[in-house]
>>> print(open('start29.cif').read())   # mmCIF, C-alpha atoms
data_coords
loop_
_atom_site.label_atom_id
_atom_site.label_comp_id
_atom_site.auth_asym_id
_atom_site.auth_seq_id
_atom_site.Cartn_x
_atom_site.Cartn_y
_atom_site.Cartn_z
CA MET A 9 77.10 133.87 100.35
CA PHE A 10 78.14 134.42 96.75
CA GLY A 11 74.50 134.61 95.70
CA PHE A 12 73.77 130.95 96.39
CA GLY A 13 71.47 131.61 99.35
CA LYS A 14 70.91 128.90 101.95
CA LEU A 15 73.25 125.97 101.55
CA THR A 16 71.61 122.71 100.51
CA ARG A 17 72.91 119.39 99.27
CA ASP A 18 71.37 119.97 95.84
CA LYS A 19 73.19 123.26 95.40
CA LEU A 20 76.54 121.80 96.43
CA ALA A 21 76.14 118.56 94.49
CA ASN A 22 75.37 120.51 91.31
CA GLY A 23 78.85 122.00 91.15
CA ASN A 24 78.31 124.97 93.42
CA VAL A 25 81.07 124.04 95.86
CA GLN A 26 82.44 127.32 97.07
CA LYS A 27 85.82 128.01 98.56
CA GLU A 28 84.87 129.75 101.79
CA TYR A 29 82.55 128.42 104.51
CA ASN A 30 84.22 130.11 107.48
CA GLY A 31 81.80 130.31 110.41
CA LYS A 32 78.94 128.78 108.39
CA ASP A 33 76.23 126.71 110.04
CA LEU A 34 76.12 123.38 108.20
CA THR A 35 74.09 121.71 110.96
CA GLY A 36 72.20 118.64 109.77
CA LEU A 37 73.11 119.01 106.09
CA ASP A 38 73.63 115.93 103.94
CA LEU A 39 77.01 116.52 102.31
CA SER A 40 77.74 112.85 101.74
CA GLY A 41 79.95 112.02 98.79
CA ILE A 42 80.79 115.64 97.93
CA THR A 43 84.42 116.61 97.30
CA PHE A 44 85.77 119.84 98.76
CA THR A 45 89.21 120.94 97.53
CA GLN A 46 91.16 123.86 99.03
CA CYS A 47 88.10 125.15 100.88
CA GLU A 48 87.99 127.06 104.17
CA PHE A 49 85.77 125.81 106.99
CA LYS A 50 87.33 127.70 109.91
CA ASN A 51 84.93 127.66 112.88
CA ALA A 52 82.21 126.05 110.74
CA ASN A 53 79.51 123.96 112.41
CA PHE A 54 78.94 120.41 111.11
CA THR A 55 76.79 119.35 114.10
CA ASN A 56 74.71 116.30 113.11
CA ALA A 57 75.70 116.74 109.44
CA ASN A 58 76.16 113.73 107.17
CA ILE A 59 79.62 113.95 105.65
CA SER A 60 79.94 110.21 105.04
CA LYS A 61 82.11 109.39 102.04
CA ALA A 62 82.83 113.11 101.53
CA THR A 63 86.36 114.13 100.63
CA PHE A 64 88.14 117.15 102.06
CA GLU A 65 91.45 117.90 100.32
CA GLN A 66 93.81 120.63 101.54
CA CYS A 67 91.06 122.34 103.52
CA GLU A 68 91.46 124.83 106.39
CA MET A 69 89.22 123.47 109.14
CA GLN A 70 90.56 124.95 112.36
CA GLY A 71 87.99 125.23 115.14
CA THR A 72 85.38 123.23 113.25
CA ASN A 73 82.59 121.56 115.25
CA PHE A 74 81.87 117.94 114.24
CA THR A 75 79.64 117.01 117.21
CA GLY A 76 77.29 114.19 116.17
CA ALA A 77 78.42 114.29 112.52
CA ASN A 78 78.34 111.09 110.49
CA VAL A 79 81.90 110.77 109.17
CA GLU A 80 81.70 107.11 108.07
CA GLY A 81 84.10 106.72 105.14
CA ALA A 82 84.97 110.42 104.97
CA SER A 83 88.47 111.30 103.84
CA PHE A 84 90.52 114.24 105.11
CA GLU A 85 93.74 114.76 103.15
CA GLN A 86 96.30 117.43 104.04
CA CYS A 87 93.74 119.38 106.08
CA GLU A 88 94.36 121.82 108.95
CA LEU A 89 92.22 120.53 111.84
CA GLN A 90 93.78 122.20 114.87
CA THR A 91 91.27 122.92 117.66
CA SER A 92 88.54 120.99 115.82
CA ASN A 93 86.63 118.42 117.86
CA VAL A 94 87.14 115.45 115.53
CA ASP A 95 87.14 113.04 118.51
CA LYS A 96 83.43 113.67 119.02
CA ALA A 97 82.74 112.80 115.40
CA SER A 98 83.62 109.10 115.49
CA ARG A 99 87.10 109.89 114.27
CA GLY A 100 88.03 106.23 113.78
CA LYS A 101 85.45 105.87 111.01
CA ALA A 102 87.15 108.47 108.78
CA SER A 103 90.66 108.64 107.36
CA TYR A 104 93.04 111.50 108.11
CA SER A 105 96.10 111.58 105.86
CA GLN A 106 98.85 114.17 106.42
CA CYS A 107 96.51 116.38 108.46
CA GLU A 108 97.61 118.91 111.06
CA GLY A 109 95.87 118.58 114.42
CA VAL A 110 95.09 114.82 114.26
CA GLU A 111 97.12 111.66 113.77
CA ASP A 112 96.94 109.84 110.45
CA THR A 113 94.52 106.92 110.51
CA ASP A 114 95.21 105.26 107.17
#
>>> encode(input="start29.cif", output="structure tokens")
Amino acid sequence: MFGFGKLTRDKLANGNVQKEYNGKDLTGLDLSGITFTQCEFKNANFTNANISKATFEQCEMQGTNFTGANVEGASFEQCELQTSNVDKASRGKASYSQCEGVEDTD
């Protein structure tokens, strides 16, 4: 995808945040503390990923799978989360501000 090869935390943390992750398998990745702005994660798979303290701003995340993800301290701001399974991802431990598909928690 865009010549970056397999996604890893090092690649993303070094400024290689891309804009499109639609359908990508992010299972088990450590994405903690990374900021994603205006990215697309439609039908992406965050199963068992660590997205603690990550920030998602104005992201398209419809149909995203968060099963078993660590969302402690994660922030979702103005994201589209319809048909995502945020309830299975310890939703109360993250904040959802002005998001479609979930109620605000902050």
>>> resolve_selection(input="start29.cif", expression="the PyMOL selection byres ((chain A and resi 40-44) around 9)", output="list in words")
Arg17, Leu20, Ala21, Val25, Gln26, Lys27, Leu37, Asp38, Leu39, Thr45, Gln46, Cys47, Ala57, Asn58, Ile59, Ser60, Lys61, Ala62, Thr63, Phe64, Glu65, Gln66, Cys67, Asn78, Val79 and Ala82 of chain A
>>> atom_distance(input="start29.cif", atom1="CA of Gly109 in chain A", atom2="CA of Cys87 in chain A")
8.6 Å
>>> resolve_selection(input="start29.cif", expression="the PyMOL selection byres ((chain A and resi 73) around 9)", output="ChimeraX atom specification")
/A:51-55,71-72,74-75,77,92-94,96-97
>>> write_last_selection(input="start29.cif", atoms="C-alpha atoms", output="PDB file, in the coordinates of the input")
ATOM      1  CA  ASN A  51      84.930 127.660 112.880  1.00  0.00           C
ATOM      2  CA  ALA A  52      82.210 126.050 110.740  1.00  0.00           C
ATOM      3  CA  ASN A  53      79.510 123.960 112.410  1.00  0.00           C
ATOM      4  CA  PHE A  54      78.940 120.410 111.110  1.00  0.00           C
ATOM      5  CA  THR A  55      76.790 119.350 114.100  1.00  0.00           C
ATOM      6  CA  GLY A  71      87.990 125.230 115.140  1.00  0.00           C
ATOM      7  CA  THR A  72      85.380 123.230 113.250  1.00  0.00           C
ATOM      8  CA  PHE A  74      81.870 117.940 114.240  1.00  0.00           C
ATOM      9  CA  THR A  75      79.640 117.010 117.210  1.00  0.00           C
ATOM     10  CA  ALA A  77      78.420 114.290 112.520  1.00  0.00           C
ATOM     11  CA  SER A  92      88.540 120.990 115.820  1.00  0.00           C
ATOM     12  CA  ASN A  93      86.630 118.420 117.860  1.00  0.00           C
ATOM     13  CA  VAL A  94      87.140 115.450 115.530  1.00  0.00           C
ATOM     14  CA  LYS A  96      83.430 113.670 119.020  1.00  0.00           C
ATOM     15  CA  ALA A  97      82.740 112.800 115.400  1.00  0.00           C
TER      16      ALA A  97
END
>>> atom_distance(input="start29.cif", atom1="CA of Leu15 in chain A", atom2="CA of Gln86 in chain A")
24.7 Å
>>> closest_residue(input="start29.cif", among="A:Gln70, A:Ser83, A:Thr35, A:Asn30", to="Glu108 in chain A", atoms="all atoms listed in the file")
A:Gln70
>>> atom_distance(input="start29.cif", atom1="CA of Leu34 in chain A", atom2="CA of Val110 in chain A")
21.7 Å
>>> closest_residue(input="start29.cif", among="A:Asp33, A:Gln90, A:Phe49, A:Glu85", to="Ser105 in chain A", atoms="all atoms listed in the file")
A:Glu85
